[in-house]
Structure formats: structure tokens, C-alpha cells
>>> print(open('data_7.txt').read())   # compact mmCIF, N, CA, C and O atoms
# COMPACT_ATOMS: atom_id res chain seq x y z
N MET K 81 147.76 248.81 75.30
CA MET K 81 148.43 249.94 74.66
C MET K 81 148.13 251.21 75.44
O MET K 81 146.97 251.52 75.71
N GLN K 82 149.14 251.95 75.79
CA GLN K 82 148.96 253.18 76.54
C GLN K 82 148.73 254.35 75.59
O GLN K 82 149.42 254.49 74.58
N ARG K 83 147.75 255.17 75.91
CA ARG K 83 147.44 256.32 75.07
C ARG K 83 148.33 257.50 75.43
O ARG K 83 148.67 257.70 76.58
N THR K 84 148.70 258.27 74.42
CA THR K 84 149.52 259.45 74.67
C THR K 84 148.61 260.63 74.99
O THR K 84 147.41 260.61 74.73
N HIS K 85 149.20 261.66 75.53
CA HIS K 85 148.46 262.88 75.88
C HIS K 85 147.74 263.46 74.66
O HIS K 85 146.62 263.91 74.76
N GLU K 86 148.37 263.41 73.49
CA GLU K 86 147.78 263.99 72.29
C GLU K 86 146.53 263.26 71.84
O GLU K 86 145.69 263.83 71.18
N GLU K 87 146.39 261.99 72.21
CA GLU K 87 145.23 261.22 71.79
C GLU K 87 144.05 261.37 72.74
O GLU K 87 142.93 261.06 72.38
N SER K 88 144.28 261.82 73.95
CA SER K 88 143.23 261.89 74.96
C SER K 88 142.27 263.03 74.67
O SER K 88 142.67 264.14 74.37
N LYS K 89 140.98 262.72 74.78
CA LYS K 89 139.97 263.76 74.63
C LYS K 89 139.83 264.49 75.96
O LYS K 89 139.78 263.88 77.02
N VAL K 90 139.77 265.80 75.88
CA VAL K 90 139.60 266.64 77.05
C VAL K 90 138.22 267.28 76.98
O VAL K 90 137.83 267.81 75.93
N SER K 91 137.49 267.21 78.08
CA SER K 91 136.18 267.86 78.16
C SER K 91 136.31 269.15 78.94
O SER K 91 136.88 269.17 80.03
N VAL K 92 135.76 270.21 78.39
CA VAL K 92 135.72 271.50 79.08
C VAL K 92 134.26 271.74 79.45
O VAL K 92 133.39 271.82 78.58
N ILE K 93 133.99 271.83 80.75
CA ILE K 93 132.64 272.01 81.27
C ILE K 93 132.41 273.50 81.50
O ILE K 93 133.19 274.15 82.20
N VAL K 94 131.32 274.02 80.92
CA VAL K 94 131.02 275.45 81.05
C VAL K 94 129.60 275.62 81.59
O VAL K 94 128.63 275.55 80.84
N PRO K 95 129.45 275.82 82.91
CA PRO K 95 128.13 276.15 83.44
C PRO K 95 127.77 277.57 82.99
O PRO K 95 128.62 278.46 82.98
N ALA K 96 126.52 277.77 82.58
CA ALA K 96 126.12 279.09 82.08
C ALA K 96 124.74 279.47 82.61
O ALA K 96 123.81 278.67 82.56
N PHE K 97 124.63 280.69 83.10
CA PHE K 97 123.35 281.23 83.54
C PHE K 97 123.26 282.67 83.06
O PHE K 97 124.07 283.51 83.46
N ASN K 98 122.31 282.94 82.20
CA ASN K 98 122.12 284.28 81.62
C ASN K 98 123.43 284.86 81.11
O ASN K 98 123.84 285.96 81.46
N ALA K 99 124.08 284.09 80.25
CA ALA K 99 125.41 284.44 79.75
C ALA K 99 125.43 284.78 78.27
O ALA K 99 126.47 284.68 77.63
N GLU K 100 124.30 285.21 77.71
CA GLU K 100 124.25 285.44 76.27
C GLU K 100 125.28 286.47 75.79
O GLU K 100 125.74 286.38 74.66
N LYS K 101 125.67 287.39 76.62
CA LYS K 101 126.63 288.42 76.21
C LYS K 101 128.07 287.91 76.18
O LYS K 101 128.92 288.51 75.52
N THR K 102 128.36 286.81 76.87
CA THR K 102 129.74 286.34 76.97
C THR K 102 129.97 284.90 76.51
O THR K 102 131.11 284.50 76.30
N ILE K 103 128.91 284.12 76.33
CA ILE K 103 129.08 282.69 76.09
C ILE K 103 129.77 282.40 74.75
O ILE K 103 130.60 281.49 74.69
N GLU K 104 129.46 283.13 73.71
CA GLU K 104 130.11 282.88 72.42
C GLU K 104 131.61 283.13 72.51
O GLU K 104 132.41 282.33 72.02
N ARG K 105 132.00 284.22 73.12
CA ARG K 105 133.42 284.54 73.28
C ARG K 105 134.12 283.47 74.11
O ARG K 105 135.24 283.05 73.82
N THR K 106 133.45 283.00 75.15
CA THR K 106 134.01 281.96 76.01
C THR K 106 134.26 280.68 75.21
O THR K 106 135.34 280.09 75.27
N ILE K 107 133.26 280.24 74.46
CA ILE K 107 133.40 279.01 73.69
C ILE K 107 134.45 279.16 72.60
O ILE K 107 135.28 278.26 72.40
N HIS K 108 134.46 280.28 71.90
CA HIS K 108 135.48 280.51 70.88
C HIS K 108 136.88 280.48 71.48
O HIS K 108 137.82 279.99 70.87
N SER K 109 137.03 281.01 72.68
CA SER K 109 138.32 281.00 73.35
C SER K 109 138.79 279.57 73.62
O SER K 109 139.95 279.23 73.39
N VAL K 110 137.89 278.73 74.08
CA VAL K 110 138.23 277.33 74.34
C VAL K 110 138.59 276.62 73.03
O VAL K 110 139.59 275.89 72.95
N LEU K 111 137.79 276.83 72.00
CA LEU K 111 138.00 276.13 70.73
C LEU K 111 139.26 276.60 70.00
O LEU K 111 139.79 275.88 69.15
N SER K 112 139.75 277.78 70.33
CA SER K 112 140.92 278.30 69.62
C SER K 112 142.25 277.82 70.21
O SER K 112 143.31 278.19 69.72
N GLN K 113 142.20 277.01 71.24
CA GLN K 113 143.42 276.48 71.84
C GLN K 113 144.14 275.57 70.85
O GLN K 113 143.54 275.01 69.94
N SER K 114 145.42 275.37 71.05
CA SER K 114 146.20 274.54 70.13
C SER K 114 145.83 273.06 70.24
O SER K 114 145.98 272.31 69.27
N TYR K 115 145.33 272.63 71.37
CA TYR K 115 144.91 271.24 71.55
C TYR K 115 143.50 271.11 70.99
O TYR K 115 142.57 271.78 71.45
N SER K 116 143.32 270.28 69.98
CA SER K 116 142.03 270.26 69.29
C SER K 116 141.13 269.08 69.64
O SER K 116 139.96 269.08 69.29
N ASN K 117 141.64 268.08 70.34
CA ASN K 117 140.82 266.91 70.67
C ASN K 117 140.03 267.19 71.95
O ASN K 117 140.27 266.60 73.00
N ILE K 118 139.09 268.12 71.83
CA ILE K 118 138.31 268.55 72.98
C ILE K 118 136.82 268.52 72.66
O ILE K 118 136.42 268.46 71.50
N GLU K 119 136.05 268.55 73.71
CA GLU K 119 134.62 268.80 73.60
C GLU K 119 134.29 269.89 74.62
O GLU K 119 134.91 269.96 75.68
N VAL K 120 133.35 270.74 74.26
CA VAL K 120 132.90 271.79 75.15
C VAL K 120 131.47 271.46 75.53
O VAL K 120 130.59 271.41 74.67
N VAL K 121 131.25 271.19 76.80
CA VAL K 121 129.92 270.84 77.30
C VAL K 121 129.39 272.04 78.06
O VAL K 121 129.90 272.39 79.12
N VAL K 122 128.38 272.69 77.48
CA VAL K 122 127.78 273.88 78.10
C VAL K 122 126.49 273.45 78.79
O VAL K 122 125.61 272.86 78.15
N ILE K 123 126.38 273.74 80.06
CA ILE K 123 125.17 273.44 80.80
C ILE K 123 124.43 274.75 81.02
O ILE K 123 124.87 275.62 81.77
N ASN K 124 123.33 274.92 80.30
CA ASN K 124 122.50 276.09 80.45
C ASN K 124 121.62 275.86 81.68
O ASN K 124 120.70 275.07 81.67
N ASP K 125 121.94 276.57 82.75
CA ASP K 125 121.32 276.35 84.06
C ASP K 125 120.09 277.24 84.24
O ASP K 125 120.03 278.08 85.13
N GLY K 126 119.09 277.04 83.38
CA GLY K 126 117.82 277.75 83.51
C GLY K 126 117.86 279.21 83.14
O GLY K 126 117.11 280.02 83.69
N SER K 127 118.70 279.58 82.17
CA SER K 127 118.80 280.98 81.76
C SER K 127 117.47 281.50 81.23
O SER K 127 116.72 280.78 80.57
N SER K 128 117.20 282.78 81.50
CA SER K 128 115.99 283.42 80.98
C SER K 128 116.31 284.32 79.79
O SER K 128 115.41 284.92 79.22
N ASP K 129 117.57 284.39 79.39
CA ASP K 129 117.96 285.16 78.21
C ASP K 129 118.19 284.19 77.05
O ASP K 129 117.66 283.08 77.04
N ASN K 130 118.96 284.57 76.07
CA ASN K 130 119.17 283.76 74.87
C ASN K 130 120.45 282.93 74.93
O ASN K 130 121.03 282.61 73.90
N THR K 131 120.90 282.57 76.11
CA THR K 131 122.10 281.74 76.24
C THR K 131 121.96 280.45 75.43
O THR K 131 122.85 280.09 74.67
N ALA K 132 120.84 279.75 75.60
CA ALA K 132 120.64 278.48 74.89
C ALA K 132 120.67 278.66 73.39
O ALA K 132 121.27 277.85 72.67
N GLY K 133 120.07 279.71 72.88
CA GLY K 133 120.06 279.97 71.44
C GLY K 133 121.45 280.24 70.90
O GLY K 133 121.82 279.75 69.82
N CYS K 134 122.24 280.98 71.64
CA CYS K 134 123.62 281.27 71.23
C CYS K 134 124.43 279.98 71.15
O CYS K 134 125.17 279.75 70.19
N VAL K 135 124.30 279.14 72.18
CA VAL K 135 125.06 277.89 72.21
C VAL K 135 124.56 276.93 71.13
O VAL K 135 125.36 276.28 70.45
N LYS K 136 123.27 276.86 70.94
CA LYS K 136 122.71 275.98 69.90
C LYS K 136 123.26 276.35 68.53
O LYS K 136 123.60 275.48 67.73
N SER K 137 123.37 277.63 68.26
CA SER K 137 123.94 278.09 67.00
C SER K 137 125.38 277.61 66.84
O SER K 137 125.79 277.18 65.76
N LEU K 138 126.15 277.67 67.91
CA LEU K 138 127.54 277.20 67.86
C LEU K 138 127.61 275.68 67.71
O LEU K 138 128.52 275.17 67.05
N CYS K 139 126.66 274.97 68.31
CA CYS K 139 126.61 273.50 68.18
C CYS K 139 126.43 273.10 66.72
O CYS K 139 126.99 272.09 66.28
N GLU K 140 125.65 273.86 66.00
CA GLU K 140 125.39 273.56 64.59
C GLU K 140 126.63 273.79 63.73
O GLU K 140 126.78 273.18 62.68
N LYS K 141 127.53 274.66 64.17
CA LYS K 141 128.73 274.98 63.41
C LYS K 141 129.94 274.13 63.80
O LYS K 141 130.86 273.97 63.01
N ASP K 142 129.95 273.60 65.02
CA ASP K 142 131.10 272.84 65.50
C ASP K 142 130.60 271.67 66.35
O ASP K 142 130.01 271.88 67.41
N LEU K 143 130.85 270.46 65.89
CA LEU K 143 130.36 269.26 66.56
C LEU K 143 131.02 269.00 67.90
O LEU K 143 130.59 268.14 68.66
N ARG K 144 132.06 269.76 68.23
CA ARG K 144 132.72 269.61 69.54
C ARG K 144 131.96 270.31 70.65
O ARG K 144 132.24 270.10 71.83
N VAL K 145 130.97 271.13 70.29
CA VAL K 145 130.19 271.89 71.27
C VAL K 145 128.88 271.16 71.54
O VAL K 145 128.18 270.77 70.61
N HIS K 146 128.58 270.96 72.82
CA HIS K 146 127.35 270.27 73.23
C HIS K 146 126.59 271.14 74.22
O HIS K 146 127.19 271.77 75.10
N LEU K 147 125.27 271.14 74.09
CA LEU K 147 124.41 271.93 74.97
C LEU K 147 123.53 271.01 75.80
O LEU K 147 122.90 270.10 75.26
N ILE K 148 123.50 271.25 77.09
CA ILE K 148 122.58 270.57 78.00
C ILE K 148 121.76 271.65 78.69
O ILE K 148 122.33 272.57 79.30
N ASN K 149 120.45 271.55 78.59
CA ASN K 149 119.55 272.49 79.26
C ASN K 149 118.99 271.84 80.52
O ASN K 149 118.61 270.67 80.50
N GLN K 150 118.96 272.60 81.60
CA GLN K 150 118.34 272.11 82.83
C GLN K 150 117.69 273.29 83.55
O GLN K 150 118.00 274.45 83.26
N THR K 151 116.78 272.99 84.46
CA THR K 151 116.21 274.06 85.28
C THR K 151 117.31 274.58 86.21
O THR K 151 118.26 273.88 86.51
N ASN K 152 117.14 275.81 86.66
CA ASN K 152 118.16 276.43 87.49
C ASN K 152 118.33 275.67 88.79
O ASN K 152 117.40 275.53 89.57
N GLN K 153 119.56 275.15 88.98
CA GLN K 153 119.87 274.39 90.19
C GLN K 153 121.18 274.84 90.81
O GLN K 153 121.64 274.26 91.79
N GLY K 154 121.82 275.83 90.22
CA GLY K 154 123.06 276.34 90.76
C GLY K 154 124.29 275.80 90.04
O GLY K 154 124.23 274.78 89.36
N VAL K 155 125.39 276.50 90.23
CA VAL K 155 126.61 276.20 89.49
C VAL K 155 127.18 274.82 89.84
O VAL K 155 127.71 274.13 88.96
N SER K 156 127.07 274.39 91.08
CA SER K 156 127.63 273.09 91.46
C SER K 156 126.89 271.95 90.78
O SER K 156 127.51 271.01 90.28
N VAL K 157 125.58 272.01 90.76
CA VAL K 157 124.79 270.97 90.09
C VAL K 157 125.05 271.02 88.59
O VAL K 157 125.20 269.98 87.95
N ALA K 158 125.14 272.22 88.02
CA ALA K 158 125.43 272.34 86.59
C ALA K 158 126.78 271.73 86.25
O ALA K 158 126.91 270.99 85.27
N ARG K 159 127.77 272.01 87.05
CA ARG K 159 129.10 271.45 86.82
C ARG K 159 129.07 269.92 86.92
O ARG K 159 129.64 269.22 86.09
N ASN K 160 128.39 269.39 87.92
CA ASN K 160 128.29 267.94 88.08
C ASN K 160 127.54 267.31 86.91
O ASN K 160 127.91 266.21 86.46
N THR K 161 126.52 267.97 86.41
CA THR K 161 125.80 267.47 85.23
C THR K 161 126.75 267.39 84.05
O THR K 161 126.77 266.40 83.31
N GLY K 162 127.57 268.41 83.86
CA GLY K 162 128.54 268.41 82.77
C GLY K 162 129.54 267.29 82.90
O GLY K 162 129.88 266.63 81.92
N ILE K 163 130.02 267.05 84.10
CA ILE K 163 130.97 265.97 84.33
C ILE K 163 130.34 264.62 83.98
O ILE K 163 130.95 263.78 83.33
N GLU K 164 129.09 264.42 84.41
CA GLU K 164 128.39 263.17 84.14
C GLU K 164 128.16 262.95 82.64
O GLU K 164 128.20 261.81 82.17
N GLN K 165 127.95 264.01 81.89
CA GLN K 165 127.62 263.90 80.48
C GLN K 165 128.84 264.00 79.55
O GLN K 165 128.71 263.82 78.36
N SER K 166 129.99 264.27 80.10
CA SER K 166 131.18 264.45 79.25
C SER K 166 131.78 263.12 78.83
O SER K 166 131.61 262.10 79.50
N ALA K 167 132.49 263.14 77.72
CA ALA K 167 133.13 261.93 77.18
C ALA K 167 134.64 261.93 77.36
O ALA K 167 135.28 260.92 77.13
N GLY K 168 135.19 263.06 77.74
CA GLY K 168 136.65 263.17 77.84
C GLY K 168 137.18 262.64 79.14
O GLY K 168 136.45 262.19 80.02
N GLU K 169 138.50 262.69 79.23
CA GLU K 169 139.17 262.19 80.44
C GLU K 169 139.39 263.29 81.44
O GLU K 169 139.54 264.42 81.12
>>> encode(input="data_7.txt", output="C-alpha cells")
Amino acid sequence: MQRTHEESKVSVIVPAFNAEKTIERTIHSVLSQSYSNIEVVVINDGSSDNTAGCVKSLCEKDLRVHLINQTNQGVSVARNTGIEQSAGE
């Protein structure tokens, strides 16, 4: 059986480093799209601010949001981590 576009889960990968001032707005923007079968995978790349706390709060409110914490390794490694951990197509 072939799946339709509407049934496919889409993963949105968001690398974040010291993004506490913008991360909530970013995630809300993704979640407000008309396509709802999504997951938002945020990779906190060793932030020294409250990025992780902001995302954790959103994770508790919406099960589509996932947080992965890692030591700072740069945006490319963060993006690859998100791809490896995502469930969408």
C-alpha cells in the first residue's frame, strides 16, 4: 500500500546554540503550519544560556517537540544528529 503525502511524517531539524531569545518563536512557527503530522527535533549544541530550558518547557506542552542535548560540536554535527534521531521521512 502506498502512503499519501498527508500520511507521511515530516521531521523538522532545528540546530540551536544560545538561542533562548528566538527558539520559542521558531518552534511555534513550525508548529503553526497547516501540515500537522510533524515532529520538531531541536538539537541543543552546548548552549550556555537557557535554550534547553525553553525547549524542555515546549516539549512538556507538545509531544511533537523533541530535545537532544549535546556538547558543542558545530551546526553540521548538530544537524546530522537530528537527522539520525528523527522519525520522519
>>> atom_distance(input="data_7.txt", atom1="atom CA of K:Val92", atom2="atom CA of K:Ser109")
11.4 Å
>>> residues_near_point(input="data_7.txt", point="(122.0, 277.6, 84.2)", cutoff="9 Å", atoms="only C-alpha atoms", output="ChimeraX atom specification")
/K:95-99,123-128,131,149-155,158
>>> write_last_selection(input="data_7.txt", atoms="N, CA, C and O atoms", output="compact mmCIF listing (two decimals), in the coordinates of the input")
# COMPACT_ATOMS: atom_id res chain seq x y z
N PRO K 95 129.45 275.82 82.91
CA PRO K 95 128.13 276.15 83.44
C PRO K 95 127.77 277.57 82.99
O PRO K 95 128.62 278.46 82.98
N ALA K 96 126.52 277.77 82.58
CA ALA K 96 126.12 279.09 82.08
C ALA K 96 124.74 279.47 82.61
O ALA K 96 123.81 278.67 82.56
N PHE K 97 124.63 280.69 83.10
CA PHE K 97 123.35 281.23 83.54
C PHE K 97 123.26 282.67 83.06
O PHE K 97 124.07 283.51 83.46
N ASN K 98 122.31 282.94 82.20
CA ASN K 98 122.12 284.28 81.62
C ASN K 98 123.43 284.86 81.11
O ASN K 98 123.84 285.96 81.46
N ALA K 99 124.08 284.09 80.25
CA ALA K 99 125.41 284.44 79.75
C ALA K 99 125.43 284.78 78.27
O ALA K 99 126.47 284.68 77.63
N ILE K 123 126.38 273.74 80.06
CA ILE K 123 125.17 273.44 80.80
C ILE K 123 124.43 274.75 81.02
O ILE K 123 124.87 275.62 81.77
N ASN K 124 123.33 274.92 80.30
CA ASN K 124 122.50 276.09 80.45
C ASN K 124 121.62 275.86 81.68
O ASN K 124 120.70 275.07 81.67
N ASP K 125 121.94 276.57 82.75
CA ASP K 125 121.32 276.35 84.06
C ASP K 125 120.09 277.24 84.24
O ASP K 125 120.03 278.08 85.13
N GLY K 126 119.09 277.04 83.38
CA GLY K 126 117.82 277.75 83.51
C GLY K 126 117.86 279.21 83.14
O GLY K 126 117.11 280.02 83.69
N SER K 127 118.70 279.58 82.17
CA SER K 127 118.80 280.98 81.76
C SER K 127 117.47 281.50 81.23
O SER K 127 116.72 280.78 80.57
N SER K 128 117.20 282.78 81.50
CA SER K 128 115.99 283.42 80.98
C SER K 128 116.31 284.32 79.79
O SER K 128 115.41 284.92 79.22
N THR K 131 120.90 282.57 76.11
CA THR K 131 122.10 281.74 76.24
C THR K 131 121.96 280.45 75.43
O THR K 131 122.85 280.09 74.67
N ASN K 149 120.45 271.55 78.59
CA ASN K 149 119.55 272.49 79.26
C ASN K 149 118.99 271.84 80.52
O ASN K 149 118.61 270.67 80.50
N GLN K 150 118.96 272.60 81.60
CA GLN K 150 118.34 272.11 82.83
C GLN K 150 117.69 273.29 83.55
O GLN K 150 118.00 274.45 83.26
N THR K 151 116.78 272.99 84.46
CA THR K 151 116.21 274.06 85.28
C THR K 151 117.31 274.58 86.21
O THR K 151 118.26 273.88 86.51
N ASN K 152 117.14 275.81 86.66
CA ASN K 152 118.16 276.43 87.49
C ASN K 152 118.33 275.67 88.79
O ASN K 152 117.40 275.53 89.57
N GLN K 153 119.56 275.15 88.98
CA GLN K 153 119.87 274.39 90.19
C GLN K 153 121.18 274.84 90.81
O GLN K 153 121.64 274.26 91.79
N GLY K 154 121.82 275.83 90.22
CA GLY K 154 123.06 276.34 90.76
C GLY K 154 124.29 275.80 90.04
O GLY K 154 124.23 274.78 89.36
N VAL K 155 125.39 276.50 90.23
CA VAL K 155 126.61 276.20 89.49
C VAL K 155 127.18 274.82 89.84
O VAL K 155 127.71 274.13 88.96
N ALA K 158 125.14 272.22 88.02
CA ALA K 158 125.43 272.34 86.59
C ALA K 158 126.78 271.73 86.25
O ALA K 158 126.91 270.99 85.27
>>> select_by_dssp(input="data_7.txt", residues="chain K", states="alpha helix (DSSP H)", output="PyMOL selection string")
chain K and resi 103-111+131-141+155-165
>>> closest_residue(input="data_7.txt", among="K:Glu100, K:Asp129, K:Glu119, K:Asp142", to="K:Gly168", atoms="all atoms listed in the file")
K:Glu119
>>> atom_distance(input="data_7.txt", atom1="atom CA of K:Cys134", atom2="atom CA of K:Arg105")
10.5 Å
>>> atom_distance(input="data_7.txt", atom1="atom C of K:Ala132", atom2="atom N of K:Thr106")
13.6 Å
>>> select_by_dssp(input="data_7.txt", residues="chain K", states="strand (DSSP E)", output="PyMOL selection string")
chain K and resi 90-96+118-125+145-150
>>> closest_residue(input="data_7.txt", among="K:Val90, K:Ile103, K:Leu138, K:Leu143", to="K:Tyr115", atoms="only N, CA, C and O atoms")
K:Val90
>>> closest_residue(input="data_7.txt", among="K:Ile93, K:Val135, K:Val145, K:Ser114", to="K:Thr161", atoms="only C-alpha atoms")
K:Ile93
>>> build_atoms(input="data_7.txt", residues="stretch 122-133 of chain K", atoms="all heavy atoms", output="compact mmCIF listing (two decimals), in the frame of the given file")
# COMPACT_ATOMS: atom_id res chain seq x y z
N VAL K 122 128.38 272.69 77.48
CA VAL K 122 127.78 273.88 78.10
C VAL K 122 126.49 273.45 78.79
O VAL K 122 125.61 272.86 78.15
CB VAL K 122 127.49 274.98 77.06
CG1 VAL K 122 126.88 276.20 77.74
CG2 VAL K 122 128.76 275.37 76.32
N ILE K 123 126.38 273.74 80.06
CA ILE K 123 125.17 273.44 80.80
C ILE K 123 124.43 274.75 81.02
O ILE K 123 124.87 275.62 81.77
CB ILE K 123 125.46 272.77 82.17
CG1 ILE K 123 126.14 271.41 81.97
CG2 ILE K 123 124.15 272.54 82.91
CD1 ILE K 123 127.57 271.48 81.68
N ASN K 124 123.33 274.92 80.30
CA ASN K 124 122.50 276.09 80.45
C ASN K 124 121.62 275.86 81.68
O ASN K 124 120.70 275.07 81.67
CB ASN K 124 121.63 276.29 79.19
CG ASN K 124 120.70 277.46 79.35
OD1 ASN K 124 121.03 278.46 79.98
ND2 ASN K 124 119.52 277.35 78.77
N ASP K 125 121.94 276.57 82.75
CA ASP K 125 121.32 276.35 84.06
C ASP K 125 120.09 277.24 84.24
O ASP K 125 120.03 278.08 85.13
CB ASP K 125 122.35 276.61 85.16
CG ASP K 125 121.89 276.13 86.52
OD1 ASP K 125 121.21 275.09 86.59
OD2 ASP K 125 122.23 276.80 87.52
N GLY K 126 119.09 277.04 83.38
CA GLY K 126 117.82 277.75 83.51
C GLY K 126 117.86 279.21 83.14
O GLY K 126 117.11 280.02 83.69
N SER K 127 118.70 279.58 82.17
CA SER K 127 118.80 280.98 81.76
C SER K 127 117.47 281.50 81.23
O SER K 127 116.72 280.78 80.57
CB SER K 127 119.86 281.13 80.66
OG SER K 127 121.13 280.78 81.14
N SER K 128 117.20 282.78 81.50
CA SER K 128 115.99 283.42 80.98
C SER K 128 116.31 284.32 79.79
O SER K 128 115.41 284.92 79.22
CB SER K 128 115.30 284.23 82.09
OG SER K 128 116.18 285.23 82.59
N ASP K 129 117.57 284.39 79.39
CA ASP K 129 117.96 285.16 78.21
C ASP K 129 118.19 284.19 77.05
O ASP K 129 117.66 283.08 77.04
CB ASP K 129 119.20 286.02 78.50
CG ASP K 129 120.45 285.21 78.82
OD1 ASP K 129 120.39 283.96 78.78
OD2 ASP K 129 121.49 285.83 79.08
N ASN K 130 118.96 284.57 76.07
CA ASN K 130 119.17 283.76 74.87
C ASN K 130 120.45 282.93 74.93
O ASN K 130 121.03 282.61 73.90
CB ASN K 130 119.17 284.66 73.62
CG ASN K 130 119.05 283.85 72.35
OD1 ASN K 130 118.37 282.82 72.30
ND2 ASN K 130 119.73 284.30 71.30
N THR K 131 120.90 282.57 76.11
CA THR K 131 122.10 281.74 76.24
C THR K 131 121.96 280.45 75.43
O THR K 131 122.85 280.09 74.67
CB THR K 131 122.37 281.41 77.72
OG1 THR K 131 122.61 282.64 78.42
CG2 THR K 131 123.57 280.50 77.87
N ALA K 132 120.84 279.75 75.60
CA ALA K 132 120.64 278.48 74.89
C ALA K 132 120.67 278.66 73.39
O ALA K 132 121.27 277.85 72.67
CB ALA K 132 119.33 277.83 75.32
N GLY K 133 120.07 279.71 72.88
CA GLY K 133 120.06 279.97 71.44
C GLY K 133 121.45 280.24 70.90
O GLY K 133 121.82 279.75 69.82
